[in-house]
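Structure first, commentary second.
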Amino acid sequence: MIGIVDYGRGNLRSVEKALEKVGFEALIITSPEELDKVNGLILPGVGAFADAMTALNSGEWIEPIIQFARSGRPFLGICLGMQVLFEVGEEHGEHAGLGLLAGRVVKFPPGGKVPHMGWNSLKLEQPSRLLEGIPNESYFYFVHSYYAEPSEKKDIIATSDYGVVFPAVVGKDNVWGAQFHPEKSSPWGLQLLTNFGKWVNDDATLSSH
Amino acid sequence: MLSKRIIPCLDVHDGRVVKGTNFVQLRDAGDPVELAALYDREGADELIFLDITASSDKRETMVDVVRRTAEQVFIPFTIGGGLRTIEDIRRMLRAGADKIALNTSAVQNPQLIQEGAHAFGSQCIVVAIDARSTAPGKWEVYIHGGRTATGKDVLEWAEEAESLGAGEILLTSMDRDGTKAGYELELTRAVSRAVSLPVIASGGVGTLQHLAEGLTLGEADAVLAASIFHYKEYSIEEAKRYLAEQGILVRGLV
C-alpha cells in the first residue's frame with residue numbers, strides 16, 4: 001500500500017487516481033500515526049517552500065516523515081514535495097527543509113518566463129529503477145519557479161533544460177524526488193508511478209520475509 | 001527545452017459537449033470525459049473545458065464532469081465559465097481540475113485573481129480575455145461571452161492581471177472567433193510582449209498553418225483550437241507533425 005501525505009498542500013486526488021489507473025492502491029494519510037500502515041510514501045506539494053514546511057510542522061509531520069525515510073521504505077517527493085527533501089529553500093528568505101538530500105532550492109535566474117510551466121524533456125543522467133522503460137528525451141509536465149541544486153552530483157538522476165540545466169529527478173537510496181508532476185504527465189509519468197508502485201510492492205515482499 | 005502546447009477546448013453545456021464532434025471512436029460524442037480521454041491518448045498537451053451552462057444551479061453537473069475527468073485524464077486541464085467566488089474555484093480544484101479560468105468575474109472583481117492566486121497559487125489562475133479591435137493596435141476587453149463592452153484596454157488589463165497574480169493569459173480574438181481566418185497575430189504578439197506570463201492564443205484557427213503562425217509570429221506559448229479537432233479536420237498528431245516540420249518544438253509521445 002502506498003501512502004499519500006495530506007498536509008493540506010497538494011493535488012492529492014490526481015496522484016491517487018493516477019496510481020489507481022496503473023493498478024496500485026493508495027491511501028491518503030491525514031495523520032502521522034497512519035504512516036505505519038504503508039510500505040511506500042508519496043509527498044506531494046503545490047505552493048511555496050516555507051508555507052509547505054510550516055504546514056508539515058504544524059501537523060507534526062516532520063519527524064515521522066524523516067523516520068519513514070530512514071526506515072528504508074520507498075519514498076517519493078513530487079514538485080514542491082521534492083524540493084522540501086533538501087536542506088534549505090531560498091523562496092522568500094532562507095528556510096530549512098527536511099534535509100533528506102543535501103543541497104539547496106534556488107530561484108530561476110531572471111530572463112525567462114517564470115514559472116517554468118509546460119512540457120519539457122528529460123535527459124537521463126544515470127540509470128535508475130524509477131525511470132526504467134522511460135526513453136531519453138521523454139516529456140513531462142512541470143510547474144515551478146524554483147529548482148534544486150543538490151550538493152552531490154550522484155543524486156541527480158535526470159535533468160531538464162530551461163535556460164539553466166536543472167535536476168528533474170533526484171534520488172539517493174530509497175529517497176526520490178520528481179520536479180515535474182508524474183500524475184499529469186501521461187504517458188511517461190504513469191510509467192514512473194508504475195515503477196514506483198512495483199518497487200514499493202517488491203520492497204514490502206522482501207521485508208516481510 | 002520547453003515545448004509549445006496544443007490545447008483542445010471543449011464547450012460544455014449541462015454536462016454535454018456542444019458544437020458536435022466527428023469521432024467515430026467515441027461511444028457517445030457528447031460525453032466530455034470520453035472526448036477528453038481521447039485527446040489525452042492522441043497527445044494533446046492540456047485541455048480546457050468551458051462551462052457555458054446558463055443557470056448556476058446546474059453547476060454541480062460540471063463538478064461531476066471534472067471529477068470523472070480527473071479519474072481518466074492524466075494531463076493538466078482547466079475549467080472556465082461562471083466561476084465567481086473563491087469557493088467556486090476551490091470546488092473545481094478539489095474535484096481535480098489543475099487550473100481555473102476567470103473572465104467576466106475577474107473584470108468585475110479583480111481581487112478574485114489576487115485572492116485565488118494567494119489561496120491556490122498563481123499556476124492555477126488563468127485569466128481569460130475576450131478582445132475586440134477598436135482601432136489599429138488597440139483592443140477592448142469584452143465580457144459576458146463577448147456581449148458587453150467594458151471600456152478596458154486589453155494590454156492594460158493583461159498587465160493588471162499579471163500584477164494581481166494571474167499565472168497565464170487565455171487570449172481570444174472576438175473578431176476572429178469562428179472565422180477560420182487564423183489567429184489575430186498582432187493582438188497575440190502585443191499581449192505576449194506586454195506580460196511575462198504564458199499566453200494561449202485562441203479564436204480563428206482553421207488550418208495547421210494558423211497554429212504555427214500563432215506560435216511563431218504571434219509569439220504565443222500555446223495554441224487553443226476547438227472545431228478543427230472536434231470535426232476531425234486534423235488530428236492532434238497531424239498538427240504536431242506539421243509544427244515539428246516547421247521547426248517548432250512540440251511534445252512527441254516517443
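Ligands are numbered from 1 in the order shown, chains are lettered A, B, ... in the order of the C-alpha cells, and residues start at 1 in each chain.
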Hey, what's within 10 Å of Ser3 in chain B if we count only C-alpha atoms and toss same-chain stuff fewer than 5 positions away? As a PDB file with N, CA and C atoms, in the first residue's frame, please?
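Written out: out.pdb:
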ATOM      1  N   MET A 117       6.517  26.552 -16.905  1.00  0.00           N
ATOM      2  CA  MET A 117       5.252  25.821 -16.947  1.00  0.00           C
ATOM      3  C   MET A 117       5.061  25.187 -18.310  1.00  0.00           C
ATOM      4  N   GLY A 118       4.822  23.902 -18.321  1.00  0.00           N
ATOM      5  CA  GLY A 118       4.570  23.191 -19.563  1.00  0.00           C
ATOM      6  C   GLY A 118       5.353  21.889 -19.641  1.00  0.00           C
ATOM      7  N   TRP A 119       5.432  21.373 -20.865  1.00  0.00           N
ATOM      8  CA  TRP A 119       6.067  20.066 -21.078  1.00  0.00           C
ATOM      9  C   TRP A 119       7.511  20.250 -21.473  1.00  0.00           C
ATOM     10  N   ASN A 120       8.405  19.646 -20.708  1.00  0.00           N
ATOM     11  CA  ASN A 120       9.819  19.712 -21.020  1.00  0.00           C
ATOM     12  C   ASN A 120      10.382  18.291 -21.043  1.00  0.00           C
ATOM     13  N   SER A 121      11.488  18.126 -21.769  1.00  0.00           N
ATOM     14  CA  SER A 121      12.032  16.777 -21.933  1.00  0.00           C
ATOM     15  C   SER A 121      13.129  16.488 -20.909  1.00  0.00           C
ATOM     16  N   TYR A 139       8.857  13.546 -22.517  1.00  0.00           N
ATOM     17  CA  TYR A 139       8.339  14.812 -21.984  1.00  0.00           C
ATOM     18  C   TYR A 139       7.536  14.613 -20.698  1.00  0.00           C
TER      19      TYR A 139
ATOM     20  N   ASP B  45      -1.692  18.408 -25.151  1.00  0.00           N
ATOM     21  CA  ASP B  45      -0.807  18.768 -24.049  1.00  0.00           C
ATOM     22  C   ASP B  45      -1.567  19.237 -22.810  1.00  0.00           C
ATOM     23  N   ASP B 221       2.666  30.947 -26.344  1.00  0.00           N
ATOM     24  CA  ASP B 221       3.290  29.758 -25.758  1.00  0.00           C
ATOM     25  C   ASP B 221       2.457  28.518 -26.029  1.00  0.00           C
ATOM     26  N   ALA B 222       1.192  28.737 -26.322  1.00  0.00           N
ATOM     27  CA  ALA B 222       0.278  27.621 -26.536  1.00  0.00           C
ATOM     28  C   ALA B 222      -0.814  28.076 -27.488  1.00  0.00           C
ATOM     29  N   ILE B 248       9.129  23.914 -34.972  1.00  0.00           N
ATOM     30  CA  ILE B 248       8.581  24.299 -33.670  1.00  0.00           C
ATOM     31  C   ILE B 248       8.683  23.092 -32.740  1.00  0.00           C
ATOM     32  N   LEU B 249       9.178  23.329 -31.530  1.00  0.00           N
ATOM     33  CA  LEU B 249       9.357  22.222 -30.594  1.00  0.00           C
ATOM     34  C   LEU B 249       8.021  21.823 -29.975  1.00  0.00           C
ATOM     35  N   VAL B 250       7.607  20.593 -30.234  1.00  0.00           N
ATOM     36  CA  VAL B 250       6.371  20.074 -29.634  1.00  0.00           C
ATOM     37  C   VAL B 250       6.674  18.746 -28.962  1.00  0.00           C
ATOM     38  N   ARG B 251       5.802  18.386 -28.043  1.00  0.00           N
ATOM     39  CA  ARG B 251       5.986  17.135 -27.309  1.00  0.00           C
ATOM     40  C   ARG B 251       5.580  15.961 -28.185  1.00  0.00           C
ATOM     41  N   GLY B 252       6.477  15.024 -28.390  1.00  0.00           N
ATOM     42  CA  GLY B 252       6.105  13.780 -29.047  1.00  0.00           C
ATOM     43  C   GLY B 252       5.817  12.752 -27.981  1.00  0.00           C
TER      44      GLY B 252
END
Output as a short mmCIF file (atom, residue, chain, number, x, y, z; two decimals) with N, CA and C atoms, in the first residue's frame the set of chain A residues within 8 Å of chain B, with distances taken over only C-alpha atoms.
data_model
loop_
_atom_site.label_atom_id
_atom_site.label_comp_id
_atom_site.auth_asym_id
_atom_site.auth_seq_id
_atom_site.Cartn_x
_atom_site.Cartn_y
_atom_site.Cartn_z
N ASN A 11 -2.33 18.43 -4.85
CA ASN A 11 -3.42 17.83 -5.59
C ASN A 11 -3.41 16.32 -5.36
N ARG A 13 -5.79 14.12 -5.04
CA ARG A 13 -6.71 13.31 -5.80
C ARG A 13 -6.09 12.86 -7.14
N SER A 14 -5.37 13.76 -7.78
CA SER A 14 -4.75 13.41 -9.07
C SER A 14 -3.72 12.30 -8.88
N LYS A 17 -5.59 9.01 -8.18
CA LYS A 17 -6.25 8.46 -9.37
C LYS A 17 -5.23 7.89 -10.35
N ALA A 18 -4.08 8.57 -10.48
CA ALA A 18 -3.05 8.08 -11.40
C ALA A 18 -2.50 6.74 -10.92
N LYS A 21 -5.03 4.13 -11.68
CA LYS A 21 -5.04 3.86 -13.12
C LYS A 21 -4.00 2.80 -13.48
N VAL A 46 2.17 21.71 -3.62
CA VAL A 46 1.99 22.83 -4.53
C VAL A 46 2.08 24.07 -3.66
N GLY A 47 2.75 25.11 -4.14
CA GLY A 47 2.79 26.36 -3.38
C GLY A 47 4.21 26.74 -3.03
N LYS A 113 10.57 33.26 -18.73
CA LYS A 113 9.28 33.36 -18.06
C LYS A 113 9.25 32.43 -16.86
N VAL A 114 8.78 32.94 -15.74
CA VAL A 114 8.66 32.14 -14.52
C VAL A 114 7.22 32.26 -14.05
N PRO A 115 6.52 31.18 -13.68
CA PRO A 115 7.05 29.82 -13.54
C PRO A 115 7.41 29.15 -14.87
N GLY A 118 4.82 23.90 -18.32
CA GLY A 118 4.57 23.19 -19.56
C GLY A 118 5.35 21.89 -19.64
N TRP A 119 5.43 21.37 -20.86
CA TRP A 119 6.07 20.07 -21.08
C TRP A 119 7.51 20.25 -21.47
N ASN A 120 8.40 19.65 -20.71
CA ASN A 120 9.82 19.71 -21.02
C ASN A 120 10.38 18.29 -21.04
N SER A 121 11.49 18.13 -21.77
CA SER A 121 12.03 16.78 -21.93
C SER A 121 13.13 16.49 -20.91
N PRO A 135 12.14 6.40 -22.11
CA PRO A 135 13.21 6.78 -23.04
C PRO A 135 13.81 8.15 -22.71
N SER A 138 12.03 11.94 -23.14
CA SER A 138 10.57 11.89 -22.92
C SER A 138 10.12 13.18 -22.26
N TYR A 139 8.86 13.55 -22.52
CA TYR A 139 8.34 14.81 -21.98
C TYR A 139 7.54 14.61 -20.70
N TYR A 141 5.34 17.10 -17.47
CA TYR A 141 4.71 18.40 -17.22
C TYR A 141 5.24 19.05 -15.93
N VAL A 143 5.54 22.61 -13.41
CA VAL A 143 5.08 23.94 -12.98
C VAL A 143 5.89 24.32 -11.75
N SER A 160 16.69 18.55 -16.86
CA SER A 160 15.89 19.19 -17.88
C SER A 160 16.50 20.57 -18.13
N ASP A 161 16.17 21.18 -19.26
CA ASP A 161 16.83 22.43 -19.65
C ASP A 161 15.80 23.55 -19.82
N TYR A 162 15.91 24.57 -18.99
CA TYR A 162 15.06 25.76 -19.14
C TYR A 162 15.96 26.98 -18.99
N GLY A 163 16.83 27.16 -19.98
CA GLY A 163 17.83 28.22 -19.85
C GLY A 163 18.96 27.74 -18.96
N GLU A 183 1.81 12.55 -12.23
CA GLU A 183 0.36 12.26 -12.31
C GLU A 183 -0.32 13.08 -13.41
N LYS A 184 0.41 14.05 -13.97
CA LYS A 184 -0.16 14.88 -15.05
C LYS A 184 0.66 14.73 -16.31
N SER A 185 1.54 13.73 -16.35
CA SER A 185 2.47 13.59 -17.47
C SER A 185 2.25 12.29 -18.23
N SER A 186 1.01 12.06 -18.63
CA SER A 186 0.71 10.89 -19.44
C SER A 186 1.49 11.00 -20.75
N PRO A 187 2.09 9.91 -21.28
CA PRO A 187 2.07 8.56 -20.72
C PRO A 187 3.25 8.23 -19.80
#
For Thr179 in chain B, work out the shell of residues within 8 Å, counting only C-alpha atoms and skipping chain neighbours fewer than 2 positions away, then give it as a JSON list (two decimals) with all heavy atoms, in the first residue's frame.
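part-v1.json written:
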[["chain", "number", "residue", "atom", "x", "y", "z"],
["B", 176, "ARG", "N", -11.98, 37.30, -34.67],
["B", 176, "ARG", "CA", -11.59, 36.13, -35.45],
["B", 176, "ARG", "C", -12.37, 34.86, -35.06],
["B", 176, "ARG", "O", -12.43, 33.92, -35.86],
["B", 176, "ARG", "CB", -10.09, 35.84, -35.27],
["B", 176, "ARG", "CG", -9.20, 36.91, -35.86],
["B", 176, "ARG", "CD", -9.41, 37.01, -37.38],
["B", 176, "ARG", "NE", -8.60, 38.07, -37.96],
["B", 176, "ARG", "CZ", -7.37, 37.88, -38.43],
["B", 176, "ARG", "NH1", -6.82, 36.69, -38.41],
["B", 176, "ARG", "NH2", -6.70, 38.90, -38.94],
["B", 177, "ASP", "N", -12.89, 34.83, -33.86],
["B", 177, "ASP", "CA", -13.53, 33.62, -33.35],
["B", 177, "ASP", "C", -14.58, 33.10, -34.33],
["B", 177, "ASP", "O", -15.48, 33.85, -34.74],
["B", 177, "ASP", "CB", -14.17, 33.89, -31.97],
["B", 177, "ASP", "CG", -14.28, 32.63, -31.14],
["B", 177, "ASP", "OD1", -13.51, 31.68, -31.40],
["B", 177, "ASP", "OD2", -15.13, 32.60, -30.23],
["B", 181, "ALA", "N", -10.11, 32.20, -40.08],
["B", 181, "ALA", "CA", -9.20, 33.05, -40.86],
["B", 181, "ALA", "C", -7.82, 33.13, -40.22],
["B", 181, "ALA", "O", -6.94, 33.82, -40.71],
["B", 181, "ALA", "CB", -9.80, 34.45, -40.98],
["B", 182, "GLY", "N", -7.64, 32.44, -39.09],
["B", 182, "GLY", "CA", -6.35, 32.47, -38.40],
["B", 182, "GLY", "C", -6.43, 33.35, -37.15],
["B", 182, "GLY", "O", -7.31, 34.21, -37.03],
["B", 204, "GLY", "N", -10.18, 31.69, -34.20],
["B", 204, "GLY", "CA", -9.95, 31.88, -35.62],
["B", 204, "GLY", "C", -9.18, 30.79, -36.32],
["B", 204, "GLY", "O", -8.98, 30.86, -37.54],
["B", 205, "VAL", "N", -8.70, 29.79, -35.60],
["B", 205, "VAL", "CA", -7.84, 28.80, -36.25],
["B", 205, "VAL", "C", -8.65, 27.93, -37.22],
["B", 205, "VAL", "O", -9.74, 27.47, -36.90],
["B", 205, "VAL", "CB", -7.09, 27.94, -35.20],
["B", 205, "VAL", "CG1", -8.03, 27.11, -34.38],
["B", 205, "VAL", "CG2", -6.04, 27.07, -35.87],
["B", 206, "GLY", "N", -8.11, 27.78, -38.43],
["B", 206, "GLY", "CA", -8.79, 26.96, -39.43],
["B", 206, "GLY", "C", -7.85, 25.96, -40.09],
["B", 206, "GLY", "O", -8.30, 24.97, -40.67]]
When you look at Ala128 in chain B with a cut-off of 7 Å (counting only C-alpha atoms), what residues show up, excluding the ones that are within fewer than 5 positions of it in the same chain? I need them as a ChimeraX atom specification. /B:101-103,169-171
Output of the above residues as a PDB file, in the first residue's frame, restricted to N, CA, C and O atoms:
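That gives us out.pdb:
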ATOM      1  N   ALA B 101     -10.132  29.120 -15.143  1.00  0.00           N
ATOM      2  CA  ALA B 101     -10.049  30.334 -15.954  1.00  0.00           C
ATOM      3  C   ALA B 101     -11.129  31.306 -15.514  1.00  0.00           C
ATOM      4  O   ALA B 101     -12.293  30.936 -15.355  1.00  0.00           O
ATOM      5  N   LEU B 102     -10.722  32.555 -15.283  1.00  0.00           N
ATOM      6  CA  LEU B 102     -11.647  33.614 -14.872  1.00  0.00           C
ATOM      7  C   LEU B 102     -11.762  34.620 -16.004  1.00  0.00           C
ATOM      8  O   LEU B 102     -10.759  35.022 -16.573  1.00  0.00           O
ATOM      9  N   ASN B 103     -12.989  35.039 -16.303  1.00  0.00           N
ATOM     10  CA  ASN B 103     -13.172  36.011 -17.373  1.00  0.00           C
ATOM     11  C   ASN B 103     -13.996  37.187 -16.842  1.00  0.00           C
ATOM     12  O   ASN B 103     -13.459  38.116 -16.248  1.00  0.00           O
ATOM     13  N   ILE B 169      -2.427  33.763 -19.455  1.00  0.00           N
ATOM     14  CA  ILE B 169      -3.477  34.523 -20.133  1.00  0.00           C
ATOM     15  C   ILE B 169      -4.037  33.672 -21.282  1.00  0.00           C
ATOM     16  O   ILE B 169      -3.268  33.178 -22.121  1.00  0.00           O
ATOM     17  N   LEU B 170      -5.350  33.508 -21.278  1.00  0.00           N
ATOM     18  CA  LEU B 170      -6.028  32.863 -22.413  1.00  0.00           C
ATOM     19  C   LEU B 170      -6.678  33.972 -23.224  1.00  0.00           C
ATOM     20  O   LEU B 170      -7.632  34.613 -22.770  1.00  0.00           O
ATOM     21  N   LEU B 171      -6.125  34.229 -24.402  1.00  0.00           N
ATOM     22  CA  LEU B 171      -6.496  35.410 -25.167  1.00  0.00           C
ATOM     23  C   LEU B 171      -7.315  35.027 -26.398  1.00  0.00           C
ATOM     24  O   LEU B 171      -6.816  34.359 -27.301  1.00  0.00           O
TER      25      LEU B 171
END
Under the rule that only C-alpha atoms are counted, which of A:Glu125, A:Glu94, A:Glu137, A:Glu149 is the nearest residue to Phe49 in chain A? A:Glu94
Residues of range 97-204 of chain A classed as strand (DSSP E) by DSSP on the backbone are to be reported as number ranges by chain. A: 103-107, 116-121, 123-124, 139-144, 146-150, 156-162, 164-172, 175-178
Atom pair CA of Ala148 in chain A / CA of Leu164 in chain B: separation (Å): 27.2 Å
So which residues touch Glu91 in chain A within 8 Å, counting only C-alpha atoms, skipping near sequence neighbours fewer than 6 positions away, as a PyMOL selection string? chain A and resi 48-50+105-107+146
For the residues in the current selection, export all heavy atoms as an mmCIF file, in the first residue's frame.
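Okay, part.cif is ready:
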data_model
loop_
_atom_site.group_PDB
_atom_site.id
_atom_site.type_symbol
_atom_site.label_atom_id
_atom_site.label_comp_id
_atom_site.auth_asym_id
_atom_site.auth_seq_id
_atom_site.Cartn_x
_atom_site.Cartn_y
_atom_site.Cartn_z
ATOM 1 N N ALA A 48 4.373 27.432 -1.908
ATOM 2 C CA ALA A 48 5.674 27.966 -1.529
ATOM 3 C C ALA A 48 6.362 27.061 -0.504
ATOM 4 O O ALA A 48 5.713 26.415 0.315
ATOM 5 C CB ALA A 48 5.517 29.370 -0.963
ATOM 6 N N PHE A 49 7.704 27.064 -0.565
ATOM 7 C CA PHE A 49 8.544 26.207 0.276
ATOM 8 C C PHE A 49 8.248 26.397 1.769
ATOM 9 O O PHE A 49 7.945 25.448 2.492
ATOM 10 C CB PHE A 49 10.020 26.531 -0.024
ATOM 11 C CG PHE A 49 11.014 25.563 0.543
ATOM 12 C CD1 PHE A 49 11.571 24.569 -0.249
ATOM 13 C CD2 PHE A 49 11.428 25.657 1.869
ATOM 14 C CE1 PHE A 49 12.508 23.679 0.266
ATOM 15 C CE2 PHE A 49 12.356 24.775 2.401
ATOM 16 C CZ PHE A 49 12.904 23.784 1.601
ATOM 17 N N ALA A 50 8.331 27.656 2.223
ATOM 18 C CA ALA A 50 8.177 27.930 3.650
ATOM 19 C C ALA A 50 6.777 27.558 4.123
ATOM 20 O O ALA A 50 6.588 27.006 5.220
ATOM 21 C CB ALA A 50 8.437 29.407 3.924
ATOM 22 N N VAL A 105 17.467 24.827 -2.607
ATOM 23 C CA VAL A 105 16.461 25.072 -3.640
ATOM 24 C C VAL A 105 16.506 26.559 -3.972
ATOM 25 O O VAL A 105 16.331 27.399 -3.090
ATOM 26 C CB VAL A 105 15.059 24.646 -3.148
ATOM 27 C CG1 VAL A 105 14.010 25.000 -4.177
ATOM 28 C CG2 VAL A 105 15.050 23.143 -2.869
ATOM 29 N N VAL A 106 16.801 26.872 -5.242
ATOM 30 C CA VAL A 106 17.060 28.261 -5.646
ATOM 31 C C VAL A 106 16.135 28.698 -6.771
ATOM 32 O O VAL A 106 15.495 27.875 -7.427
ATOM 33 C CB VAL A 106 18.539 28.426 -6.084
ATOM 34 C CG1 VAL A 106 19.490 28.020 -4.967
ATOM 35 C CG2 VAL A 106 18.822 27.606 -7.344
ATOM 36 N N LYS A 107 16.067 30.018 -6.980
ATOM 37 C CA LYS A 107 15.151 30.571 -7.985
ATOM 38 C C LYS A 107 15.790 30.554 -9.378
ATOM 39 O O LYS A 107 17.002 30.683 -9.515
ATOM 40 C CB LYS A 107 14.814 32.017 -7.602
ATOM 41 C CG LYS A 107 13.602 32.577 -8.344
ATOM 42 C CD LYS A 107 13.226 33.943 -7.743
ATOM 43 C CE LYS A 107 12.129 34.643 -8.501
ATOM 44 N NZ LYS A 107 10.869 33.941 -8.649
ATOM 45 N N TYR A 146 11.209 27.546 -8.738
ATOM 46 C CA TYR A 146 12.480 27.274 -8.053
ATOM 47 C C TYR A 146 12.942 25.877 -8.457
ATOM 48 O O TYR A 146 12.142 25.063 -8.902
ATOM 49 C CB TYR A 146 12.289 27.332 -6.529
ATOM 50 C CG TYR A 146 12.035 28.733 -6.027
ATOM 51 C CD1 TYR A 146 10.796 29.345 -6.217
ATOM 52 C CD2 TYR A 146 13.033 29.455 -5.378
ATOM 53 C CE1 TYR A 146 10.559 30.642 -5.794
ATOM 54 C CE2 TYR A 146 12.805 30.749 -4.937
ATOM 55 C CZ TYR A 146 11.574 31.340 -5.150
ATOM 56 O OH TYR A 146 11.349 32.623 -4.719
#
Could you give me, as a ChimeraX atom specification, the residues within 8 Å of Trp176 in chain A, counting only C-alpha atoms and dropping anything in the same chain fewer than 4 positions from it? /A:74-77,82,169-172
Taking only range 20-253 of chain B into account, list the residues labelled alpha helix (DSSP H) by DSSP (computed from the backbone), as a tab-separated table (two decimals) with C-alpha atoms, in the first residue's frame.
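New file part.tsv:
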chain	number	residue	atom	x	y	z
B	32	PRO	CA	-16.87	15.47	-22.32
B	33	VAL	CA	-14.99	12.88	-20.27
B	34	GLU	CA	-14.78	10.39	-23.11
B	35	LEU	CA	-13.63	13.08	-25.54
B	36	ALA	CA	-11.06	14.39	-23.05
B	37	ALA	CA	-9.62	10.88	-22.57
B	38	LEU	CA	-9.35	10.50	-26.34
B	39	TYR	CA	-7.48	13.80	-26.68
B	40	ASP	CA	-5.14	12.68	-23.89
B	41	ARG	CA	-4.38	9.46	-25.80
B	42	GLU	CA	-3.84	11.41	-29.03
B	59	ARG	CA	-23.02	23.92	-11.79
B	60	GLU	CA	-22.96	20.66	-9.85
B	61	THR	CA	-23.10	18.87	-13.20
B	62	MET	CA	-19.78	20.48	-14.14
B	63	VAL	CA	-18.21	19.46	-10.84
B	64	ASP	CA	-19.18	15.90	-11.70
B	65	VAL	CA	-17.60	16.22	-15.16
B	66	VAL	CA	-14.40	17.45	-13.50
B	67	ARG	CA	-14.41	14.61	-11.01
B	68	ARG	CA	-14.86	11.97	-13.71
B	69	THR	CA	-12.27	13.61	-15.95
B	70	ALA	CA	-9.71	13.50	-13.15
B	71	GLU	CA	-10.20	9.74	-12.94
B	72	GLN	CA	-9.37	9.18	-16.60
B	86	ILE	CA	-13.06	31.60	-4.07
B	87	GLU	CA	-15.41	28.83	-3.05
B	88	ASP	CA	-16.30	28.14	-6.72
B	89	ILE	CA	-12.58	27.90	-7.50
B	90	ARG	CA	-11.87	25.67	-4.52
B	91	ARG	CA	-14.65	23.29	-5.53
B	92	MET	CA	-13.25	22.80	-9.04
B	93	LEU	CA	-9.68	22.33	-7.83
B	94	ARG	CA	-10.83	19.87	-5.18
B	95	ALA	CA	-12.74	17.92	-7.80
B	104	THR	CA	-16.20	38.20	-16.52
B	105	SER	CA	-15.80	37.69	-12.77
B	106	ALA	CA	-12.15	38.83	-12.89
B	107	VAL	CA	-13.08	42.05	-14.71
B	108	GLN	CA	-15.93	42.78	-12.31
B	111	GLN	CA	-9.48	40.99	-6.29
B	112	LEU	CA	-10.65	37.50	-7.16
B	113	ILE	CA	-7.41	36.99	-9.14
B	114	GLN	CA	-5.35	38.07	-6.15
B	115	GLU	CA	-7.31	36.02	-3.64
B	116	GLY	CA	-7.25	32.97	-5.91
B	117	ALA	CA	-3.51	33.24	-6.52
B	118	HIS	CA	-2.88	33.69	-2.83
B	119	ALA	CA	-5.03	30.75	-1.79
B	120	PHE	CA	-4.11	28.25	-4.51
B	154	VAL	CA	-6.67	44.68	-23.41
B	155	LEU	CA	-2.95	45.30	-22.91
B	156	GLU	CA	-3.53	47.27	-19.70
B	157	TRP	CA	-5.87	44.60	-18.38
B	158	ALA	CA	-3.37	41.82	-19.17
B	159	GLU	CA	-0.67	43.73	-17.27
B	160	GLU	CA	-3.03	44.33	-14.34
B	161	ALA	CA	-3.98	40.64	-14.27
B	162	GLU	CA	-0.29	39.72	-14.14
B	163	SER	CA	0.39	42.12	-11.29
B	164	LEU	CA	-2.58	40.68	-9.37
B	185	LEU	CA	-1.45	37.71	-34.71
B	186	GLU	CA	-0.90	41.38	-33.96
B	187	LEU	CA	-3.08	41.13	-30.85
B	188	THR	CA	-1.44	37.88	-29.71
B	189	ARG	CA	2.04	39.31	-30.15
B	190	ALA	CA	1.16	42.56	-28.39
B	191	VAL	CA	-0.15	40.70	-25.33
B	192	SER	CA	2.75	38.21	-25.34
B	193	ARG	CA	5.15	41.15	-25.24
B	194	ALA	CA	3.17	43.09	-22.64
B	208	LEU	CA	-2.39	23.85	-39.29
B	209	GLN	CA	-0.51	26.82	-40.67
B	210	HIS	CA	-2.60	29.03	-38.37
B	211	LEU	CA	-1.39	27.04	-35.36
B	212	ALA	CA	2.22	27.54	-36.45
B	213	GLU	CA	1.69	31.27	-37.01
B	214	GLY	CA	0.16	31.71	-33.56
B	215	LEU	CA	3.29	30.22	-32.01
B	227	SER	CA	-13.56	22.82	-34.26
B	228	ILE	CA	-10.54	21.68	-36.31
B	229	PHE	CA	-10.03	18.86	-33.81
B	230	HIS	CA	-13.68	18.10	-32.93
B	236	ILE	CA	-3.57	16.26	-32.74
B	237	GLU	CA	-0.88	14.00	-34.16
B	238	GLU	CA	-1.07	15.62	-37.60
B	239	ALA	CA	-0.92	19.05	-36.00
B	240	LYS	CA	2.19	18.12	-34.04
B	241	ARG	CA	3.89	16.57	-37.04
B	242	TYR	CA	3.23	19.74	-39.04
B	243	LEU	CA	4.55	22.01	-36.28
B	244	ALA	CA	7.66	19.87	-35.88
B	245	GLU	CA	8.29	20.17	-39.63
Distance in Å - CA of Phe166 in chain A versus CA of Val84 in chain A: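 It comes out at 15.9 Å.
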Between CA of Glu152 in chain A and CA of Asn136 in chain A, what is the distance, to one decimal in Å?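 Calculated distance between CA of Glu152 in chain A and CA of Asn136 in chain A is 22.0 Å.
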Which residues come within 9 Å of Gly81 in chain A, counting only C-alpha atoms, excluding same-chain residues fewer than 4 positions away, as number ranges by chain? A: 10, 42-46, 49, 52, 76-77, 85, 177-179
At most 9 Å is the cut-off: for each residue in range 29-142 of chain A with any atom that close to an atom of range 196-207 of chain A, write down the nearest atom pair and the distance in Å rounded to one decimal, counting only C-alpha atoms, chain first then increasing number, as a Markdown table.
| residue | atom | partner | partner_atom | distance |
| --- | --- | --- | --- | --- |
| A:Asn39 | CA | A:Ala204 | CA | 6.0 |
| A:Gly40 | CA | A:Val200 | CA | 5.4 |
| A:Leu41 | CA | A:Val200 | CA | 8.7 |
| A:Arg73 | CA | A:Asp203 | CA | 7.2 |
| A:Pro74 | CA | A:Val200 | CA | 5.9 |
| A:Phe75 | CA | A:Phe196 | CA | 8.8 |
| A:Leu76 | CA | A:Phe196 | CA | 8.1 |
| A:Arg129 | CA | A:Trp199 | CA | 8.0 |
| A:Leu130 | CA | A:Phe196 | CA | 6.0 |
| A:Leu131 | CA | A:Phe196 | CA | 9.0 |
Just C-alpha atoms for this one: save the residues we selected as a short mmCIF file (atom, residue, chain, number, x, y, z; two decimals), in the first residue's frame.
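Printed below is again.cif as written:
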data_model
loop_
_atom_site.label_atom_id
_atom_site.label_comp_id
_atom_site.auth_asym_id
_atom_site.auth_seq_id
_atom_site.Cartn_x
_atom_site.Cartn_y
_atom_site.Cartn_z
CA ASN A 39 5.02 0.39 2.59
CA GLY A 40 5.81 3.39 0.44
CA LEU A 41 5.12 7.10 0.68
CA ARG A 73 10.89 2.19 2.64
CA PRO A 74 10.45 3.78 -0.84
CA PHE A 75 9.73 7.50 -0.63
CA LEU A 76 8.88 9.89 -3.49
CA ARG A 129 14.80 1.94 -11.14
CA LEU A 130 12.36 4.84 -11.07
CA LEU A 131 12.91 5.68 -14.75
#
Go through B:Val141, B:Ile125, B:Lys232, B:Thr134 and flag the residue nearest Gln25 in chain B, using only C-alpha atoms for the distances.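 Looking at the shortest contact to Gln25 in chain B, the residue is B:Lys232.
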B:Asn109, B:Thr216, B:Glu184, B:Gly137: which is nearest Gln246 in chain B, counting only C-alpha atoms?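 Of B:Asn109, B:Thr216, B:Glu184, B:Gly137, the one nearest Gln246 in chain B is B:Thr216, counting only C-alpha atoms.
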